[in-house]
$ cat protein_33.cif   # mmCIF, C-alpha atoms and all ligand atoms
data_protein
#
loop_
_atom_site.label_atom_id
_atom_site.label_comp_id
_atom_site.auth_asym_id
_atom_site.auth_seq_id
_atom_site.Cartn_x
_atom_site.Cartn_y
_atom_site.Cartn_z
CA MET V 6 38.57 32.31 -106.16
CA ALA V 7 40.35 35.67 -105.72
CA PRO V 8 39.48 37.48 -102.47
CA PHE V 9 37.77 40.46 -104.15
CA LYS V 10 35.52 38.03 -106.07
CA LEU V 11 34.61 36.27 -102.82
CA VAL V 12 33.71 39.61 -101.20
CA LEU V 13 31.63 40.54 -104.25
CA ALA V 14 29.86 37.16 -104.17
CA ALA V 15 29.23 37.62 -100.45
CA LEU V 16 27.73 41.07 -101.01
CA LEU V 17 25.48 39.66 -103.72
CA ILE V 18 24.10 36.91 -101.44
CA GLY V 19 23.89 39.26 -98.46
CA ILE V 20 26.72 38.00 -96.22
CA SER V 21 28.80 40.63 -94.46
CA PRO V 22 32.21 40.99 -96.19
CA SER V 23 33.95 41.05 -92.81
CA ILE V 24 32.67 37.50 -92.13
CA THR V 25 33.85 36.37 -95.54
CA LEU V 26 37.25 37.94 -95.02
CA SER V 27 37.69 36.39 -91.60
CA ALA V 28 36.81 33.04 -93.14
CA LEU V 29 39.54 33.70 -95.68
CA ASP V 30 41.98 34.58 -92.89
CA GLN V 31 41.24 31.27 -91.21
CA SER V 32 41.77 29.29 -94.40
CA THR V 33 45.16 30.99 -94.73
CA THR V 34 46.19 30.14 -91.17
CA ALA V 35 44.77 26.62 -91.47
CA GLN V 36 47.56 25.83 -93.91
CA THR V 37 50.12 26.42 -91.16
CA PRO V 38 49.46 23.88 -88.41
CA ALA V 39 49.93 25.13 -84.86
CA PRO V 40 53.28 23.98 -83.46
CA ALA V 41 52.97 20.72 -81.49
CA PRO V 42 53.23 21.43 -77.77
CA ASN V 43 56.37 20.34 -76.02
CA ALA V 44 55.38 16.90 -74.68
CA ALA V 45 57.70 17.31 -71.68
CA ALA V 46 55.74 20.43 -70.63
CA LEU V 47 52.33 18.72 -70.76
CA PRO V 48 50.66 17.34 -67.62
CA ARG V 49 50.94 13.56 -67.35
CA VAL V 50 47.88 11.46 -66.52
CA PHE V 51 47.75 7.72 -65.86
CA LEU V 52 44.70 5.68 -66.91
CA PHE V 53 43.63 2.46 -65.19
CA ALA V 54 41.05 0.76 -67.42
CA THR V 55 38.69 -1.67 -65.70
CA GLY V 56 36.07 -2.28 -68.42
CA GLY V 57 32.37 -1.43 -68.53
CA THR V 58 30.23 -0.13 -71.38
CA ILE V 59 32.81 2.55 -72.27
CA SER V 60 35.03 -0.20 -73.67
CA ASN V 61 32.41 -2.82 -74.53
CA LYS V 62 32.64 -2.80 -78.34
CA THR V 63 30.78 -5.47 -80.29
CA GLY V 64 33.27 -8.16 -81.16
CA GLY V 65 35.77 -7.34 -78.39
CA ARG V 66 36.38 -4.86 -75.61
CA LEU V 67 38.57 -1.80 -76.23
CA THR V 68 41.93 -2.04 -74.51
CA VAL V 69 43.50 0.74 -72.46
CA ASP V 70 45.67 1.74 -75.44
CA GLU V 71 42.68 1.84 -77.76
CA LEU V 72 40.82 4.02 -75.25
CA ILE V 73 43.71 6.48 -75.09
CA LYS V 74 44.02 6.55 -78.91
CA SER V 75 40.26 7.10 -79.26
CA VAL V 76 40.48 10.68 -77.91
CA PRO V 77 41.32 13.02 -80.82
CA ASN V 78 44.38 15.23 -80.23
CA LEU V 79 44.75 14.08 -76.64
CA GLU V 80 48.53 14.30 -77.08
CA ARG V 81 48.14 18.08 -77.46
CA ARG V 82 46.65 18.39 -73.96
CA VAL V 83 48.12 15.64 -71.80
CA THR V 84 50.66 12.87 -71.93
CA ALA V 85 48.65 9.73 -71.24
CA GLU V 86 49.89 6.32 -70.17
CA GLY V 87 47.80 3.42 -69.00
CA GLU V 88 47.39 -0.02 -67.54
CA GLN V 89 44.72 -2.60 -68.26
CA PHE V 90 43.57 -3.45 -64.73
CA THR V 91 40.57 -5.59 -65.72
CA ASN V 92 38.21 -5.53 -68.70
CA VAL V 93 34.88 -6.60 -67.22
CA ALA V 94 31.48 -5.22 -66.17
CA SER V 95 31.64 -3.15 -62.98
CA GLY V 96 29.61 -5.71 -61.05
CA ALA V 97 32.17 -8.43 -61.84
CA ILE V 98 34.99 -6.70 -59.97
CA THR V 99 35.74 -8.28 -56.59
CA MET V 100 36.44 -6.57 -53.28
CA ASP V 101 40.01 -7.92 -53.45
CA GLN V 102 40.41 -6.23 -56.83
CA TRP V 103 39.12 -2.97 -55.35
CA LEU V 104 41.83 -3.21 -52.71
CA SER V 105 44.45 -3.98 -55.31
CA LEU V 106 43.34 -1.04 -57.50
CA ALA V 107 43.49 1.39 -54.56
CA GLN V 108 46.97 0.07 -53.70
CA LYS V 109 48.10 0.52 -57.31
CA VAL V 110 46.81 4.10 -57.51
CA ASN V 111 48.53 4.96 -54.22
CA ASP V 112 51.77 3.35 -55.43
CA ARG V 113 51.61 5.16 -58.76
CA PHE V 114 51.27 8.54 -57.02
CA LYS V 115 54.07 7.67 -54.59
CA VAL V 116 56.64 6.66 -57.23
CA ASP V 117 55.70 9.41 -59.69
CA GLN V 118 55.62 12.76 -57.91
CA GLY V 119 55.34 14.57 -61.27
CA LEU V 120 52.12 12.78 -62.24
CA ALA V 121 49.20 15.25 -62.44
CA GLY V 122 46.34 12.81 -61.83
CA VAL V 123 44.77 9.42 -62.44
CA VAL V 124 41.75 8.40 -64.52
CA VAL V 125 39.88 5.14 -63.89
CA THR V 126 37.36 3.80 -66.40
CA SER V 127 34.50 1.78 -64.94
CA GLY V 128 31.15 0.31 -65.83
CA THR V 129 28.47 2.71 -64.68
CA ASP V 130 26.33 0.24 -62.70
CA THR V 131 28.44 0.27 -59.55
CA LEU V 132 30.74 3.14 -60.56
CA GLU V 133 29.70 5.29 -57.61
CA GLU V 134 30.74 2.53 -55.19
CA LEU V 135 34.22 2.14 -56.67
CA ALA V 136 34.56 5.93 -56.78
CA TYR V 137 33.67 6.33 -53.08
CA PHE V 138 36.05 3.51 -52.17
CA LEU V 139 38.90 5.33 -53.98
CA HIS V 140 37.79 8.65 -52.41
CA LEU V 141 38.45 7.13 -48.98
CA THR V 142 41.57 5.08 -49.76
CA VAL V 143 43.75 7.00 -52.24
CA ARG V 144 45.73 9.19 -49.87
CA ASP V 145 46.97 11.94 -52.15
CA VAL V 146 45.83 15.46 -53.03
CA ARG V 147 46.05 14.76 -56.75
CA PRO V 148 42.77 14.01 -58.53
CA VAL V 149 41.41 10.56 -59.27
CA VAL V 150 38.69 10.80 -61.92
CA VAL V 151 36.32 7.89 -62.47
CA VAL V 152 34.58 7.83 -65.84
CA GLY V 153 32.29 5.59 -67.88
CA SER V 154 29.64 5.86 -70.55
CA MET V 155 26.06 4.81 -71.03
CA ARG V 156 26.40 3.95 -74.74
CA ASN V 157 28.93 1.46 -75.97
CA PRO V 158 31.49 2.11 -78.75
CA SER V 159 29.33 0.25 -81.30
CA THR V 160 26.28 2.45 -80.64
CA THR V 161 25.24 5.64 -82.44
CA GLY V 162 25.99 8.61 -80.21
CA TYR V 163 28.63 6.82 -78.11
CA GLU V 164 29.61 9.46 -75.56
CA GLY V 165 32.59 7.57 -74.14
CA VAL V 166 35.21 9.54 -76.08
CA ALA V 167 33.82 12.89 -74.89
CA ASN V 168 33.59 11.64 -71.30
CA LEU V 169 37.13 10.25 -71.43
CA GLU V 170 38.50 13.48 -72.87
CA ASP V 171 36.77 15.41 -70.06
CA ALA V 172 38.18 12.99 -67.49
CA PHE V 173 41.73 13.55 -68.76
CA ILE V 174 41.21 17.33 -68.76
CA VAL V 175 39.96 17.27 -65.14
CA ALA V 176 42.69 14.88 -63.94
CA ALA V 177 45.32 17.20 -65.45
CA ASP V 178 43.87 20.39 -63.97
CA PRO V 179 45.42 21.87 -60.79
CA SER V 180 42.00 23.18 -59.70
CA ALA V 181 40.81 19.56 -59.29
CA ARG V 182 43.42 18.89 -56.58
CA ASP V 183 42.31 18.21 -53.04
CA MET V 184 38.78 17.36 -54.14
CA GLY V 185 39.10 13.60 -53.63
CA THR V 186 37.79 11.21 -56.24
CA LEU V 187 35.65 12.85 -58.89
CA VAL V 188 33.07 11.31 -61.18
CA VAL V 189 33.05 12.94 -64.61
CA LEU V 190 30.34 12.18 -67.17
CA ASN V 191 28.05 14.33 -69.29
CA ASP V 192 30.32 17.42 -68.86
CA GLU V 193 29.71 17.43 -65.09
CA ILE V 194 32.12 16.97 -62.20
CA ASN V 195 30.58 15.28 -59.18
CA SER V 196 31.99 14.23 -55.82
CA ALA V 197 32.34 10.46 -55.39
CA ARG V 198 30.62 10.85 -52.01
CA GLU V 199 27.50 12.49 -53.37
CA VAL V 200 26.94 11.12 -56.85
CA THR V 201 24.43 8.38 -57.71
CA LYS V 202 23.30 6.65 -60.86
CA THR V 203 19.71 7.82 -61.04
CA ASP V 204 18.48 6.36 -64.33
CA SER V 205 19.10 3.01 -65.99
CA ARG V 206 19.28 4.47 -69.54
CA LEU V 207 19.77 8.24 -69.74
CA LEU V 208 23.11 9.84 -70.54
CA SER V 209 22.37 12.33 -67.76
CA THR V 210 22.08 9.50 -65.24
CA PHE V 211 24.80 10.58 -62.78
CA SER V 212 23.50 13.17 -60.37
CA SER V 213 24.41 14.60 -56.99
CA ARG V 214 20.76 15.63 -56.67
CA ASP V 215 20.25 18.37 -54.07
CA TYR V 216 23.98 18.69 -53.42
CA GLY V 217 24.65 19.77 -57.01
CA VAL V 218 27.72 19.38 -59.15
CA LEU V 219 31.19 20.45 -57.97
CA GLY V 220 31.89 21.87 -61.38
CA THR V 221 31.67 21.47 -65.11
CA VAL V 222 34.09 20.77 -67.93
CA PHE V 223 33.47 22.41 -71.26
CA ASP V 224 36.94 22.34 -72.80
CA ARG V 225 38.18 23.89 -69.56
CA VAL V 226 37.45 23.07 -65.94
CA ALA V 227 35.17 25.32 -63.86
CA ILE V 228 34.92 24.47 -60.14
CA PHE V 229 32.07 25.96 -58.08
CA ARG V 230 32.53 24.30 -54.67
CA LYS V 231 34.71 21.82 -52.80
CA PRO V 232 33.81 18.76 -50.71
CA VAL V 233 34.09 19.51 -47.00
CA ARG V 234 34.09 15.98 -45.53
CA ARG V 235 37.38 14.10 -44.96
CA HIS V 236 38.73 12.25 -47.99
CA SER V 237 41.88 11.22 -49.86
CA ALA V 238 44.92 13.00 -48.38
CA GLN V 239 43.15 13.45 -45.01
CA SER V 240 41.84 9.90 -44.87
CA GLU V 241 42.91 7.60 -42.06
CA PHE V 242 42.15 4.46 -44.08
CA ASP V 243 45.44 2.87 -45.06
CA VAL V 244 44.90 0.05 -47.56
CA ALA V 245 48.63 -0.61 -48.00
CA ALA V 246 48.59 -3.43 -45.48
CA MET V 247 44.98 -4.60 -45.96
CA THR V 248 44.59 -8.03 -47.53
CA ALA V 249 40.80 -8.35 -47.33
CA LEU V 250 37.76 -6.25 -46.47
CA PRO V 251 35.31 -7.50 -43.84
CA ARG V 252 31.93 -8.63 -45.12
CA VAL V 253 29.19 -6.03 -44.78
CA ASP V 254 25.72 -6.58 -46.25
CA VAL V 255 22.93 -4.14 -47.14
CA ILE V 256 19.37 -5.09 -46.23
CA LEU V 257 16.30 -3.18 -47.38
CA THR V 258 13.34 -2.34 -45.16
CA TYR V 259 9.92 -3.03 -46.68
CA GLN V 260 6.53 -3.74 -45.21
CA GLY V 261 6.64 -6.88 -43.06
CA ALA V 262 10.36 -7.49 -43.72
CA PRO V 263 11.68 -10.60 -41.94
CA GLY V 264 14.53 -10.15 -39.47
CA ASP V 265 15.92 -13.58 -40.32
CA LEU V 266 17.69 -12.10 -43.38
CA ILE V 267 19.75 -9.97 -40.96
CA LYS V 268 20.43 -13.07 -38.83
CA ALA V 269 21.45 -15.02 -41.94
CA ALA V 270 23.89 -12.29 -42.97
CA VAL V 271 25.59 -12.40 -39.56
CA ASP V 272 25.54 -16.22 -39.42
CA ASN V 273 27.25 -16.21 -42.83
CA GLY V 274 30.10 -14.00 -41.65
CA ALA V 275 28.90 -10.41 -41.97
CA LYS V 276 30.72 -8.18 -39.48
CA GLY V 277 28.34 -5.39 -40.28
CA VAL V 278 24.88 -4.83 -41.72
CA VAL V 279 23.59 -1.63 -43.30
CA ILE V 280 19.84 -1.22 -43.06
CA ALA V 281 18.31 0.82 -45.88
CA GLY V 282 15.49 1.86 -43.58
CA ALA V 283 12.18 3.49 -44.35
CA GLY V 284 11.93 7.27 -43.91
CA ALA V 285 14.03 8.37 -40.96
CA GLY V 286 15.37 4.84 -40.45
CA ALA V 287 12.29 2.84 -39.47
CA THR V 288 12.35 -0.94 -39.78
CA SER V 289 9.37 -3.22 -40.35
CA GLY V 290 8.22 -6.77 -39.62
CA THR V 291 10.73 -8.59 -37.41
CA GLN V 292 13.81 -6.63 -38.49
CA GLY V 293 14.16 -5.24 -34.93
CA GLU V 294 14.75 -8.80 -33.67
CA GLY V 295 17.30 -9.39 -36.41
CA ILE V 296 19.16 -6.20 -35.45
CA SER V 297 19.28 -7.23 -31.76
CA TYR V 298 20.60 -10.65 -32.80
CA ALA V 299 23.30 -9.00 -34.96
CA THR V 300 24.56 -6.62 -32.27
CA GLU V 301 24.53 -9.40 -29.61
CA LYS V 302 26.77 -11.41 -31.94
CA GLY V 303 29.16 -8.46 -32.12
CA ALA V 304 28.17 -7.14 -35.55
CA PHE V 305 27.63 -3.45 -36.24
CA VAL V 306 24.34 -2.20 -37.66
CA VAL V 307 24.35 1.09 -39.57
CA THR V 308 21.00 2.72 -40.26
CA THR V 309 20.55 4.68 -43.48
CA THR V 310 17.45 5.71 -45.39
CA ARG V 311 16.03 4.16 -48.53
CA ALA V 312 14.44 7.55 -49.31
CA GLY V 313 17.38 8.64 -51.47
CA ALA V 314 18.03 11.85 -49.55
CA GLY V 315 18.05 13.11 -45.98
CA GLY V 316 20.06 11.42 -43.28
CA ILE V 317 20.14 9.42 -40.05
CA GLY V 318 21.83 10.89 -36.99
CA GLY V 319 23.91 8.76 -34.71
CA GLY V 320 25.57 8.44 -31.36
CA GLY V 321 22.41 8.96 -29.30
CA ARG V 322 22.58 5.44 -27.84
CA GLY V 323 25.91 6.11 -26.15
CA GLY V 324 29.48 5.32 -27.10
CA ALA V 325 29.23 1.55 -26.58
CA SER V 326 26.30 0.93 -28.91
CA ARG V 327 26.92 -1.05 -32.07
CA ARG V 328 23.98 0.81 -33.64
CA ILE V 329 25.45 3.53 -35.84
CA GLY V 330 23.74 6.37 -37.71
CA GLY V 331 24.73 6.39 -41.38
CA ASP V 332 24.27 10.15 -41.76
CA ASP V 333 23.42 11.16 -45.34
CA LEU V 334 25.29 8.34 -47.08
CA GLN V 335 23.44 6.18 -49.57
CA PRO V 336 23.17 2.61 -48.21
CA VAL V 337 25.78 1.23 -50.65
CA LYS V 338 28.24 3.95 -49.66
CA ALA V 339 27.59 3.46 -45.93
CA ARG V 340 28.57 -0.16 -46.57
CA ILE V 341 31.94 0.96 -48.01
CA LEU V 342 32.68 3.26 -45.07
CA LEU V 343 31.66 0.51 -42.62
CA MET V 344 33.94 -2.03 -44.34
CA LEU V 345 36.90 0.35 -44.06
CA ALA V 346 35.97 1.35 -40.51
CA LEU V 347 35.79 -2.32 -39.41
CA ALA V 348 39.13 -3.02 -41.09
CA THR V 349 40.56 -0.28 -38.87
CA THR V 350 38.79 -0.49 -35.47
CA SER V 351 36.05 -2.23 -33.51
CA ASP V 352 35.42 0.71 -31.16
CA PRO V 353 31.76 1.84 -31.58
CA ALA V 354 32.52 5.46 -30.67
CA GLU V 355 35.29 5.55 -33.27
CA ILE V 356 33.03 4.09 -35.93
CA GLN V 357 30.31 6.64 -35.20
CA ARG V 358 32.96 9.39 -35.40
CA MET V 359 33.96 8.13 -38.84
CA PHE V 360 30.36 8.37 -40.03
CA ARG V 361 30.29 11.98 -38.87
CA GLU V 362 33.63 12.90 -40.45
CA TYR V 363 33.71 11.15 -43.87
N1 LIG V 401 26.93 -3.22 -67.30
C1 LIG V 401 27.82 -2.11 -67.42
C2 LIG V 401 28.79 -2.10 -66.26
O1 LIG V 401 28.49 -1.55 -65.21
C3 LIG V 401 27.07 -0.85 -67.52
C4 LIG V 401 27.89 0.34 -67.92
O2 LIG V 401 29.10 0.32 -68.01
O3 LIG V 401 27.27 1.36 -68.20
O4 LIG V 401 29.85 -2.59 -66.43
#
$ encode --input "protein_33.cif" --output "structure tokens"
Amino acid sequence: MAPFKLVLAALLIGISPSITLSALDQSTTAQTPAPAPNAAALPRVFLFATGGTISNKTGGRLTVDELIKSVPNLERRVTAEGEQFTNVASGAITMDQWLSLAQKVNDRFKVDQGLAGVVVTSGTDTLEELAYFLHLTVRDVRPVVVVGSMRNPSTTGYEGVANLEDAFIVAADPSARDMGTLVVLNDEINSAREVTKTDSRLLSTFSSRDYGVLGTVFDRVAIFRKPVRRHSAQSEFDVAAMTALPRVDVILTYQGAPGDLIKAAVDNGAKGVVIAGAGAGATSGTQGEGISYATEKGAFVVTTTRAGAGGIGGGGRGGASRRIGGDDLQPVKARILLMLALATTSDPAEIQRMFREY
């Protein structure tokens, strides 16, 4: 249709001619595709795919290459490469594989100084644990972004592609440097230290609760605050030479809880036990006896709260005590810090310092 006829038609149906004309302008420019960006000038991001719902398509899991190809026009924003690390549920990944992944990410940053950042896909169930482990063990200022999805690729409303695109955008963005490991889902950027899966079904499940998000990503990255605790480039935890992580178990406090579960953990090789205590760290039943047994056997006992927020102070028992305050860490994250601490030192004062600093 000739332009003047379109304008006339628009006037007749009550649409402003300027809108109609700008629509015409766009259809003219749409015929000339924007020049492809120079690939050499784009930020490069490396993806380690580990599995989880984000790749769990009915009939076979998406590979790392299929994940990269699933993001429309990604090649216009970043140059992506990847490695299939594992392709399993998050809970199936072993501690040895965690170590190996952290070593690989460190190595990748070391050999490729021009790399902008790293993305790691993960199942969401234990995603926050892997993310905090990487937060403490990848010793580089460049961002590591952990991402997953709640719906799988065979489900209506699969949000994995949008989350993955956001993860690449954040990993490529200079403003995400020196923030440690970031968890990006649902357009939100959270710190690995603070984020928790709070709902077994909702897409909005990942939350840093009272701490709030670090930023958002709606096509571009907006950062509102930075983590202040030690992480990544300032971390003292060097996994390069670690071959195994010491066993640390988490034990919940509940009414009348038996202390023999704590004894059993230590008798089965635990070097540390994290108590998810009630309120401000109270135990129940005979847990006090179990804790005394553990510390007499040389194990460390970190007290956290099962309340979901708040914290447990530490150091009040003196430098030699193997009773450590877990501060505001969630019990599963206190376990990760204690594993790394015990792989590094057996000095109680040092371990309490680490719980204050990380
Ligand atoms: N079961 C899955 C996993 O953690 C759940 C998910 O990815 O959302 O691997």
$ residues_around --input "protein_33.cif" --residues "region 157-160 of chain V" --least-positions-apart "6" --cutoff "8 Å" --atoms "all atoms listed in the file" --output "list in words"
Thr58, Ile59, Ser60, Asn61, Lys62 and Thr63 of chain V
$ atom_distance --input "protein_33.cif" --atom1 "CA of Arg81 (chain V)" --atom2 "CA of Asn43 (chain V)"
8.7 Å
$ residues_near_ligand --input "protein_33.cif" --ligand "ligand LIG 401 (chain V)" --cutoff "9 Å" --atoms "all atoms listed in the file" --output "list in words"
Thr55, Gly56, Gly57, Thr58, Ile59, Ser60, Asn61, Val93, Ala94, Ser95, Gly96, Ala97, Ser127, Gly128, Thr129, Asp130, Thr131, Leu132, Gly153, Ser154, Met155, Arg156, Asn157, Ser205 and Arg206 of chain V
$ closest_residue --input "protein_33.cif" --among "V:Phe305, V:Tyr363, V:Phe173, V:Phe211" --to "Glu241 (chain V)" --atoms "all atoms listed in the file"
V:Tyr363
$ atom_distance --input "protein_33.cif" --atom1 "CA of Glu134 (chain V)" --atom2 "CA of Val200 (chain V)"
9.5 Å
$ closest_residue --input "protein_33.cif" --among "V:Glu86, V:Asp243, V:Glu362, V:Asp192" --to "Val124 (chain V)" --atoms "all atoms listed in the file"
V:Glu86
$ closest_residue --input "protein_33.cif" --among "V:Thr291, V:Thr308, V:Gln260, V:Ser105" --to "Phe138 (chain V)" --atoms "all atoms listed in the file"
V:Ser105
$ atom_distance --input "protein_33.cif" --atom1 "CA of Ser212 (chain V)" --atom2 "CA of Ala85 (chain V)"
27.6 Å
$ closest_residue --input "protein_33.cif" --among "V:Thr68, V:Ala177, V:Ala121, V:Leu187" --to "Phe90 (chain V)" --atoms "all atoms listed in the file"
V:Thr68
$ closest_residue --input "protein_33.cif" --among "V:Leu72, V:Val166, V:Leu334, V:Ala285" --to "Arg198 (chain V)" --atoms "all atoms listed in the file"
V:Leu334
$ closest_residue --input "protein_33.cif" --among "V:Asp101, V:Glu164, V:Glu193, V:Asp70" --to "Pro251 (chain V)" --atoms "only C-alpha atoms"
V:Asp101
$ residues_near_point --input "protein_33.cif" --point "(54.3, 17.2, -72.3)" --cutoff "10 Å" --atoms "all atoms listed in the file" --output "list of chain:residue names"
V:Ala41, V:Pro42, V:Asn43, V:Ala44, V:Ala45, V:Ala46, V:Leu47, V:Pro48, V:Arg49, V:Glu80, V:Arg81, V:Arg82, V:Val83, V:Thr84, V:Ala85
$ residues_around --input "protein_33.cif" --residues "Pro148 (chain V)" --least-positions-apart "3" --cutoff "7 Å" --atoms "all atoms listed in the file" --output "JSON, numbers by chain"
{"V": [122, 123, 176, 181, 182, 183, 184, 185, 186]}
$ axis_aligned_box --input "protein_33.cif" --around "region 176-182 of chain V" --padding-each-side "3 Å" --output "lines of an AutoDock Vina configuration file"
center_x = 43.1
center_y = 19.0
center_z = -61.0
size_x = 10.6
size_y = 14.3
size_z = 14.9
$ residues_near_point --input "protein_33.cif" --point "(36.1, 5.6, -41.1)" --cutoff "12 Å" --atoms "all atoms listed in the file" --output "PyMOL selection string"
chain V and resi 138+140-142+234-237+239-243+331+338-363
$ write_last_selection --input "protein_33.cif" --atoms "C-alpha atoms" --output "PDB file, in the coordinates of the input"
ATOM      1  CA  PHE V 138      36.050   3.510 -52.170  1.00  0.00           C
ATOM      2  CA  HIS V 140      37.790   8.650 -52.410  1.00  0.00           C
ATOM      3  CA  LEU V 141      38.450   7.130 -48.980  1.00  0.00           C
ATOM      4  CA  THR V 142      41.570   5.080 -49.760  1.00  0.00           C
ATOM      5  CA  ARG V 234      34.090  15.980 -45.530  1.00  0.00           C
ATOM      6  CA  ARG V 235      37.380  14.100 -44.960  1.00  0.00           C
ATOM      7  CA  HIS V 236      38.730  12.250 -47.990  1.00  0.00           C
ATOM      8  CA  SER V 237      41.880  11.220 -49.860  1.00  0.00           C
ATOM      9  CA  GLN V 239      43.150  13.450 -45.010  1.00  0.00           C
ATOM     10  CA  SER V 240      41.840   9.900 -44.870  1.00  0.00           C
ATOM     11  CA  GLU V 241      42.910   7.600 -42.060  1.00  0.00           C
ATOM     12  CA  PHE V 242      42.150   4.460 -44.080  1.00  0.00           C
ATOM     13  CA  ASP V 243      45.440   2.870 -45.060  1.00  0.00           C
ATOM     14  CA  GLY V 331      24.730   6.390 -41.380  1.00  0.00           C
ATOM     15  CA  LYS V 338      28.240   3.950 -49.660  1.00  0.00           C
ATOM     16  CA  ALA V 339      27.590   3.460 -45.930  1.00  0.00           C
ATOM     17  CA  ARG V 340      28.570  -0.160 -46.570  1.00  0.00           C
ATOM     18  CA  ILE V 341      31.940   0.960 -48.010  1.00  0.00           C
ATOM     19  CA  LEU V 342      32.680   3.260 -45.070  1.00  0.00           C
ATOM     20  CA  LEU V 343      31.660   0.510 -42.620  1.00  0.00           C
ATOM     21  CA  MET V 344      33.940  -2.030 -44.340  1.00  0.00           C
ATOM     22  CA  LEU V 345      36.900   0.350 -44.060  1.00  0.00           C
ATOM     23  CA  ALA V 346      35.970   1.350 -40.510  1.00  0.00           C
ATOM     24  CA  LEU V 347      35.790  -2.320 -39.410  1.00  0.00           C
ATOM     25  CA  ALA V 348      39.130  -3.020 -41.090  1.00  0.00           C
ATOM     26  CA  THR V 349      40.560  -0.280 -38.870  1.00  0.00           C
ATOM     27  CA  THR V 350      38.790  -0.490 -35.470  1.00  0.00           C
ATOM     28  CA  SER V 351      36.050  -2.230 -33.510  1.00  0.00           C
ATOM     29  CA  ASP V 352      35.420   0.710 -31.160  1.00  0.00           C
ATOM     30  CA  PRO V 353      31.760   1.840 -31.580  1.00  0.00           C
ATOM     31  CA  ALA V 354      32.520   5.460 -30.670  1.00  0.00           C
ATOM     32  CA  GLU V 355      35.290   5.550 -33.270  1.00  0.00           C
ATOM     33  CA  ILE V 356      33.030   4.090 -35.930  1.00  0.00           C
ATOM     34  CA  GLN V 357      30.310   6.640 -35.200  1.00  0.00           C
ATOM     35  CA  ARG V 358      32.960   9.390 -35.400  1.00  0.00           C
ATOM     36  CA  MET V 359      33.960   8.130 -38.840  1.00  0.00           C
ATOM     37  CA  PHE V 360      30.360   8.370 -40.030  1.00  0.00           C
ATOM     38  CA  ARG V 361      30.290  11.980 -38.870  1.00  0.00           C
ATOM     39  CA  GLU V 362      33.630  12.900 -40.450  1.00  0.00           C
ATOM     40  CA  TYR V 363      33.710  11.150 -43.870  1.00  0.00           C
TER      41      TYR V 363
END
$ residues_around --input "protein_33.cif" --residues "Gln108 (chain V)" --least-positions-apart "2" --cutoff "9 Å" --atoms "all atoms listed in the file" --output "compact mmCIF listing (two decimals) with C-alpha atoms, keeping the file's coordinate frame"
# COMPACT_ATOMS: atom_id res chain seq x y z
CA TRP V 103 39.12 -2.97 -55.35
CA LEU V 104 41.83 -3.21 -52.71
CA SER V 105 44.45 -3.98 -55.31
CA LEU V 106 43.34 -1.04 -57.50
CA VAL V 110 46.81 4.10 -57.51
CA ASN V 111 48.53 4.96 -54.22
CA ASP V 112 51.77 3.35 -55.43
CA ARG V 113 51.61 5.16 -58.76
CA THR V 142 41.57 5.08 -49.76
CA VAL V 143 43.75 7.00 -52.24
CA VAL V 244 44.90 0.05 -47.56
CA ALA V 245 48.63 -0.61 -48.00
$ residues_around --input "protein_33.cif" --residues "region 263-265 of chain V" --least-positions-apart "5" --cutoff "7 Å" --atoms "only C-alpha atoms" --output "ChimeraX atom specification"
/V:290-295
